[in-house]
Structures are given as structure tokens and as C-alpha cells.
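Student: File follows, target.cif with mmCIF, C-alpha atoms:
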```
data_protein
#
loop_
_atom_site.label_atom_id
_atom_site.label_comp_id
_atom_site.auth_asym_id
_atom_site.auth_seq_id
_atom_site.Cartn_x
_atom_site.Cartn_y
_atom_site.Cartn_z
CA MET A 973 99.23 -54.88 -14.11
CA LEU A 974 95.61 -54.62 -15.29
CA LYS A 975 96.73 -53.21 -18.66
CA ARG A 976 99.07 -56.17 -19.09
CA VAL A 977 96.28 -58.66 -18.37
CA ILE A 978 93.91 -56.91 -20.79
CA LYS A 979 96.60 -56.84 -23.50
CA LYS A 980 97.24 -60.56 -23.01
CA ILE A 981 93.51 -61.32 -23.36
CA ILE A 982 93.25 -59.22 -26.54
CA ASP A 983 96.32 -60.91 -28.02
CA SER A 984 94.83 -64.35 -27.36
CA LEU A 985 91.67 -63.50 -29.32
CA PHE A 986 93.65 -63.60 -32.57
CA CYS A 987 95.29 -66.96 -31.83
CA LYS A 988 94.16 -70.49 -32.58
CA VAL A 989 93.88 -72.55 -29.42
CA ILE A 990 96.35 -75.45 -29.36
CA ASP A 991 96.45 -77.24 -26.03
CA SER A 992 99.77 -78.96 -26.69
CA LYS A 993 101.83 -75.77 -26.99
CA LYS A 994 104.44 -75.22 -24.29
CA LYS A 995 106.53 -72.34 -23.00
CA ILE A 996 110.20 -73.13 -23.62
CA GLY A 997 113.14 -71.13 -22.22
CA SER A 998 113.55 -69.31 -18.93
CA VAL A 999 114.58 -65.80 -20.02
CA ASP A 1000 113.86 -65.29 -23.73
CA SER A 1001 111.05 -67.83 -23.79
CA TRP A 1002 108.82 -68.86 -26.71
CA HIS A 1003 105.57 -70.81 -26.99
CA ILE A 1004 105.89 -73.71 -29.41
CA ILE A 1005 104.19 -77.01 -30.23
CA CYS A 1006 106.31 -79.89 -29.02
CA ASP A 1007 104.31 -82.88 -30.35
CA ASN A 1008 106.68 -83.54 -33.24
CA LEU A 1009 109.81 -81.82 -31.96
CA MET A 1010 111.83 -84.90 -30.96
CA ASN A 1011 114.96 -85.56 -33.06
CA THR A 1012 114.27 -82.72 -35.51
CA VAL A 1013 116.28 -79.86 -37.05
CA CYS A 1014 115.75 -76.31 -35.78
CA TYR A 1015 117.26 -72.96 -36.75
CA SER A 1016 117.63 -69.94 -34.49
CA GLY A 1017 118.59 -66.44 -35.59
CA GLY A 1018 119.70 -64.09 -32.85
CA VAL A 1019 121.57 -65.31 -29.78
CA GLY A 1020 121.80 -62.14 -27.75
CA LYS A 1021 122.51 -62.79 -24.08
CA ASP A 1022 120.32 -65.85 -23.59
CA ILE A 1023 119.97 -69.26 -25.26
CA THR A 1024 117.89 -71.08 -22.67
CA PHE A 1025 115.25 -71.67 -25.35
CA GLU A 1026 117.72 -73.29 -27.73
CA THR A 1027 119.43 -75.24 -24.96
CA GLU A 1028 116.15 -76.67 -23.71
CA ILE A 1029 114.93 -77.94 -27.06
CA ALA A 1030 118.39 -79.36 -27.82
CA GLU A 1031 118.61 -81.23 -24.52
CA LYS A 1032 114.99 -82.15 -23.84
CA TYR A 1033 113.98 -83.04 -27.39
CA ASN A 1034 117.36 -84.01 -28.86
CA CYS A 1035 117.00 -81.36 -31.55
CA GLU A 1036 119.89 -80.37 -33.79
CA VAL A 1037 119.90 -76.60 -33.34
CA TYR A 1038 121.74 -74.21 -35.64
CA LEU A 1039 122.36 -70.76 -34.11
CA PHE A 1040 123.35 -67.59 -35.96
CA ASP A 1041 124.53 -64.26 -34.59
CA PRO A 1042 127.42 -62.16 -35.92
CA SER A 1043 127.52 -59.67 -33.05
CA PRO A 1044 130.08 -59.55 -30.23
CA THR A 1045 127.16 -60.08 -27.81
CA GLY A 1046 126.02 -63.28 -29.50
CA ILE A 1047 129.52 -64.63 -29.98
CA GLU A 1048 130.33 -64.16 -26.29
CA THR A 1049 127.08 -65.85 -25.20
CA ALA A 1050 127.65 -68.82 -27.51
CA LYS A 1051 131.26 -69.19 -26.34
CA ASN A 1052 130.10 -69.44 -22.73
CA ASN A 1053 127.24 -71.85 -23.46
CA GLN A 1054 128.68 -74.62 -25.59
CA LYS A 1055 126.32 -77.59 -25.54
CA GLN A 1056 125.88 -80.81 -27.42
CA ASN A 1057 123.52 -80.46 -30.41
CA LEU A 1058 124.09 -76.68 -30.57
CA LYS A 1059 125.95 -75.54 -33.68
CA PHE A 1060 126.87 -71.84 -33.59
CA TYR A 1061 127.86 -69.73 -36.60
CA PRO A 1062 129.04 -66.10 -36.22
CA ILE A 1063 127.12 -64.87 -39.25
CA GLY A 1064 123.94 -62.85 -39.58
CA LEU A 1065 120.69 -63.69 -41.32
CA ALA A 1066 119.42 -61.31 -43.99
CA GLY A 1067 117.71 -61.14 -47.36
CA ASN A 1068 121.00 -61.28 -49.27
CA ASP A 1069 124.42 -62.87 -48.95
CA GLY A 1070 127.26 -60.47 -48.24
CA VAL A 1071 128.62 -57.89 -45.83
CA ILE A 1072 125.76 -55.84 -44.36
CA ASN A 1073 125.56 -52.74 -42.17
CA PHE A 1074 124.34 -52.97 -38.57
CA SER A 1075 123.77 -50.21 -36.03
CA THR A 1076 125.52 -50.61 -32.70
CA PRO A 1077 123.29 -51.09 -29.62
CA GLU A 1078 121.51 -48.09 -28.15
CA ASN A 1079 122.11 -49.78 -24.80
CA MET A 1080 125.44 -51.61 -24.67
CA ASP A 1081 124.38 -53.53 -21.56
CA GLU A 1082 121.43 -54.95 -23.54
CA GLY A 1083 123.74 -55.58 -26.49
CA SER A 1084 121.46 -55.89 -29.53
CA TYR A 1085 122.94 -54.94 -32.90
CA ARG A 1086 120.15 -54.02 -35.31
CA VAL A 1087 119.09 -52.81 -38.75
CA PRO A 1088 120.93 -49.57 -39.51
CA ILE A 1089 119.47 -46.24 -38.48
CA GLU A 1090 120.61 -42.69 -39.16
CA SER A 1091 122.90 -40.95 -36.70
CA SER A 1092 124.24 -44.21 -35.28
CA ASN A 1093 127.55 -45.98 -35.29
CA ILE A 1094 127.75 -48.63 -37.99
CA LEU A 1095 129.49 -51.98 -37.99
CA GLN A 1096 129.54 -54.50 -40.82
CA PHE A 1097 128.94 -58.22 -40.44
CA GLU A 1098 128.92 -61.15 -42.81
CA CYS A 1099 125.34 -62.27 -43.53
CA LYS A 1100 123.65 -65.03 -45.51
CA LYS A 1101 120.19 -65.92 -46.69
CA LEU A 1102 118.73 -68.54 -44.37
CA SER A 1103 117.31 -70.48 -47.31
CA ASN A 1104 120.80 -70.81 -48.80
CA ILE A 1105 122.20 -72.03 -45.49
CA MET A 1106 119.46 -74.65 -45.20
CA LYS A 1107 119.99 -75.86 -48.75
CA SER A 1108 123.75 -76.11 -48.24
CA ASN A 1109 123.00 -78.35 -45.24
CA ASN A 1110 120.49 -80.39 -47.31
CA HIS A 1111 117.72 -79.37 -44.91
CA TYR A 1112 114.51 -79.20 -46.94
CA LEU A 1113 112.35 -80.07 -43.93
CA VAL A 1114 112.85 -77.97 -40.81
CA GLU A 1115 110.67 -78.30 -37.72
CA LEU A 1116 111.24 -74.85 -36.25
CA VAL A 1117 112.71 -71.47 -37.15
CA LYS A 1118 113.11 -68.81 -34.45
CA LEU A 1119 113.99 -65.26 -35.47
CA ASP A 1120 114.91 -62.49 -33.07
CA ILE A 1121 117.13 -60.54 -35.41
CA GLU A 1122 116.41 -56.89 -34.68
CA GLY A 1123 114.57 -55.78 -37.82
CA PHE A 1124 116.06 -58.19 -40.36
CA GLU A 1125 113.15 -60.64 -39.85
CA TYR A 1126 111.05 -59.10 -42.62
CA GLU A 1127 113.45 -59.92 -45.42
CA VAL A 1128 114.29 -63.33 -43.94
CA VAL A 1129 110.59 -64.30 -43.81
CA LYS A 1130 110.14 -63.19 -47.41
CA ASP A 1131 113.16 -65.26 -48.45
CA LEU A 1132 111.87 -68.37 -46.65
CA MET A 1133 108.40 -68.04 -48.19
CA ASN A 1134 110.02 -67.97 -51.64
CA SER A 1135 112.08 -71.10 -50.97
CA ASN A 1136 111.18 -74.75 -51.47
CA ILE A 1137 111.83 -75.59 -47.83
CA LYS A 1138 109.06 -76.91 -45.59
CA ILE A 1139 109.10 -75.25 -42.18
CA ASN A 1140 106.54 -76.47 -39.67
CA GLN A 1141 106.84 -73.68 -37.08
CA ILE A 1142 108.05 -70.10 -37.18
CA CYS A 1143 108.55 -67.96 -34.05
CA LEU A 1144 109.68 -64.39 -34.39
CA GLU A 1145 109.81 -61.00 -32.80
CA TYR A 1146 108.62 -58.16 -35.01
CA HIS A 1147 110.37 -54.84 -34.51
CA HIS A 1148 107.88 -52.21 -35.64
CA PHE A 1149 108.55 -50.46 -32.35
CA PHE A 1150 111.80 -49.28 -33.98
CA LYS A 1151 111.38 -45.73 -35.29
CA ASN A 1152 112.43 -46.66 -38.82
CA ILE A 1153 110.06 -49.66 -39.15
CA SER A 1154 106.32 -49.16 -39.65
CA VAL A 1155 103.59 -51.39 -38.26
CA LEU A 1156 102.39 -51.76 -41.87
CA LYS A 1157 105.56 -53.71 -42.60
CA THR A 1158 104.66 -56.17 -39.84
CA ILE A 1159 101.09 -56.50 -41.10
CA LYS A 1160 102.36 -57.32 -44.60
CA SER A 1161 104.74 -59.93 -43.19
CA ILE A 1162 101.97 -61.58 -41.16
CA LEU A 1163 99.73 -61.65 -44.24
CA LEU A 1164 102.54 -63.23 -46.24
CA LEU A 1165 102.84 -65.99 -43.64
CA LYS A 1166 99.08 -66.48 -43.66
CA GLN A 1167 99.03 -66.71 -47.47
CA ASN A 1168 101.62 -69.47 -47.21
CA GLY A 1169 99.55 -71.52 -44.79
CA TYR A 1170 100.81 -70.33 -41.40
CA ILE A 1171 98.40 -69.95 -38.48
CA LEU A 1172 99.07 -67.77 -35.46
CA HIS A 1173 98.72 -69.77 -32.25
CA HIS A 1174 100.43 -67.52 -29.71
CA LYS A 1175 101.18 -63.82 -29.36
CA ILE A 1176 102.57 -61.88 -26.45
CA GLY A 1177 103.83 -58.36 -27.01
CA MET A 1178 105.87 -58.39 -30.22
CA ASP A 1179 106.55 -62.15 -30.09
CA TYR A 1180 104.52 -64.25 -32.55
CA SER A 1181 104.37 -68.05 -32.87
CA PHE A 1182 103.03 -69.63 -36.08
CA VAL A 1183 102.39 -73.23 -37.10
CA HIS A 1184 101.80 -74.47 -40.62
CA LYS A 1185 98.27 -75.63 -41.40
CA SER A 1186 99.59 -79.09 -42.32
CA TYR A 1187 99.99 -79.73 -38.57
CA PHE A 1188 96.22 -80.11 -38.30
CA ASN A 1189 96.06 -82.70 -41.09
CA LYS A 1190 98.14 -85.26 -39.20
#
```
How would this structure read if it were set down as C-alpha cells?
Tutor:
Amino acid sequence: MLKRVIKKIIDSLFCKVIDSKKKIGSVDSWHIICDNLMNTVCYSGGVGKDITFETEIAEKYNCEVYLFDPSPTGIETAKNNQKQNLKFYPIGLAGNDGVINFSTPENMDEGSYRVPIESSNILQFECKKLSNIMKSNNHYLVELVKLDIEGFEYEVVKDLMNSNIKINQICLEYHHFFKNISVLKTIKSILLLKQNGYILHHKIGMDYSFVHKSYFNK
């Protein structure tokens, strides 16, 4: 318990204080800034077994939320949680369009399909670049992107930073706790976000919440 409190305090030292941020979602929750969330477009990669975060912003803030998850776990969750303003697509998010390898879950009860690792069973899923999806929807201004995509977040962040799409908030889980992903990869991704004007305002464990610097110019 004490270690958890100390870790939380250390994490907070690297974050900009924003009083208006709120915790959204009851299971897989995220801390976001809700000042300008009403009636906006949001994208969420990774459904897993819980979409209380997406459901809450869709219902409370009337957001149009696009969800993406190609896995049997995500498809089943989305099928059982059909809500107004939630648009689900059974495709994955990656750095390229096409059919991409995924490793099956280490724990089938947990159900997360992830970046491929050696000595694991492999399944293939259709994936697309998030920037291409946004452009096909004529979304060049997006309020929020949430990524919990089991190791594919690095290439998706790089793709978004190279696009001409304005994204006000980015929330993501980094997966350098996977054996085949180094912490250096996460550091490079965070620096890339920083170079593109994103400021860290909340961190807990491997979950990071960023807001673009333009938020402070309003």
C-alpha cells in the first residue's frame, strides 16, 4: 500500500496540474479534460472487456465515439454493449494497412491479443492506420484519442504525429512491461509527443494522459 502511494506521488511530479481533469470510466478508467468534450468526435483503440470509459463520454458528453478492436474479446464486448453514439469496427489499429499478426492472449480469461512474440500462437487480423480512418471520415479535428492496443501504440502514435490531423487529447497505455518491448521505445514515443506539443497531465502506472499545448491558449 505504501509503495503504491509513493509511486503515485512520484508519477504526479512529472505531470502538469490541471484542476478540470476528471476520472472517466468505472473499470478501465482514464483521466481526461472535459472542458471542451461536449459534442465532439473521439476515437478509441482497444475494447477488451470494458467500455465504461467510452460509454460515459458518449452518454454524458454526447460524443461520437469510434471504437476499434479486431479480437474475439473486443467483438464480444461491443456486441453486448451497443449504445447510441458508439460506432464499433472489428479492425485493428497499426502503423500500416493490411493483415497483421497478433499473438493470442497469455491469459484467455483476460483476453488481450497483442503484438506478436516468439513461441506463441499467432492469429491475423485486418488493421488500418488511424490517420487513414480519420481522413476517410473527414475528421481533421478530433478531441480525444484513447489507445490501449497491446504494443501497437508506438507505431500508431508515430503515424498520428506525421498526419495533418489536430488531436487535442491523447490517452494511452504503454506496454514496455512486455518482454519484447524496451522502456527506451516508450521514452522515444513520449519525446515524440512532447516535440509535437503534447503535455503530460496525468500518469498512473503505464497509463498516460496528454493534452496539446493549444488547450492553454484558449
Student: Write out as number ranges by chain the residues lying within 7 Å of A:Leu1119, counting only C-alpha atoms and excluding same-chain residues fewer than 3 positions away.
Tutor: A: 1016-1018, 1125, 1143-1145
Student: With all atoms listed in the file as the basis for distance, which of A:Leu1009, A:Pro1062, A:Trp1002, A:Glu1090 is at the shortest distance from A:Phe1074?
Tutor: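 Of A:Leu1009, A:Pro1062, A:Trp1002, A:Glu1090, the one nearest A:Phe1074, counting all atoms listed in the file, is A:Glu1090.
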Student: Check which residues of stretch 1019-1112 of chain A sit at most 8 Å from stretch 1126-1139 of chain A using only C-alpha atoms, and return one row each with the closest pair of atoms and their distance in Å to one decimal, ordered by chain and rising number, as a Markdown table.
Tutor:
```
| residue | atom | partner | partner_atom | distance |
| --- | --- | --- | --- | --- |
| A:Leu1065 | CA | A:Val1128 | CA | 6.9 |
| A:Ala1066 | CA | A:Val1128 | CA | 5.5 |
| A:Gly1067 | CA | A:Glu1127 | CA | 4.8 |
| A:Lys1101 | CA | A:Val1128 | CA | 7.0 |
| A:Leu1102 | CA | A:Val1128 | CA | 6.9 |
| A:Ser1103 | CA | A:Leu1132 | CA | 5.9 |
| A:His1111 | CA | A:Ile1137 | CA | 7.6 |
| A:Tyr1112 | CA | A:Ile1137 | CA | 4.6 |
```
Student: Would you mind telling me which residue in A:Thr1024, A:Thr1158, A:Ser1043, A:Asn1073 lies nearest to A:Lys1055 when using all atoms listed in the file?
Tutor: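 Among the listed residues, the smallest separation from A:Lys1055 belongs to A:Thr1024.
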Student: When you look at A:Ile1004 with a cut-off of 7 Å (counting all atoms listed in the file), what residues show up, excluding the ones that are within fewer than 3 positions of it in the same chain? I need them as a list in words.
Tutor: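 Selected residues are Lys993, Lys994, Lys995 and Ser1181 of chain A.
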Student: Write a file of the selected residues as a compact mmCIF listing (two decimals), in the coordinates of the input, keeping C-alpha atoms.
Tutor:
```
# COMPACT_ATOMS: atom_id res chain seq x y z
CA LYS A 993 101.83 -75.77 -26.99
CA LYS A 994 104.44 -75.22 -24.29
CA LYS A 995 106.53 -72.34 -23.00
CA SER A 1181 104.37 -68.05 -32.87
```
Student: At a cut-off of 9 Å from (92.5, -65.9, -36.5) in the coordinates of the file, what residues are picked up using all atoms listed in the file, written as a ChimeraX atom specification?
Tutor: /A:985-988,1171-1173
Student: I'd like the contact shell of A:Ser998 - 12 Å cut-off, only C-alpha atoms, skipping same-chain residues fewer than 3 positions apart - returned as a list in words.
Tutor: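 After dropping sequence-adjacent residues, the list is Lys995, Ser1001, Trp1002, His1003, Asp1022, Ile1023, Thr1024, Phe1025, Glu1026, Thr1027, Glu1028 and Ile1029 of chain A.
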Student: Report as a list of chain:residue names the residues that result from applying the PyMOL selection byres ((chain A and resi 1185) around 8) to the structure here.
Tutor: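 Matching residues under the PyMOL selection byres ((chain A and resi 1185) around 8) are A:Gly1169, A:Tyr1170, A:Ile1171, A:Val1183, A:His1184, A:Ser1186, A:Tyr1187, A:Phe1188, A:Asn1189.
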Student: Rounded to one decimal, what separation in Å do you get between atom CA of A:Cys1035 and atom CA of A:Asn1140?
Tutor: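 One can read the atom CA of A:Cys1035 to atom CA of A:Asn1140 distance as 14.1 Å.
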Student: Work out how far apart atom CA of A:Pro1088 and atom CA of A:Met1178 are and give it in Å to one decimal.
Tutor: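 Between these atoms lies a distance of 19.8 Å.
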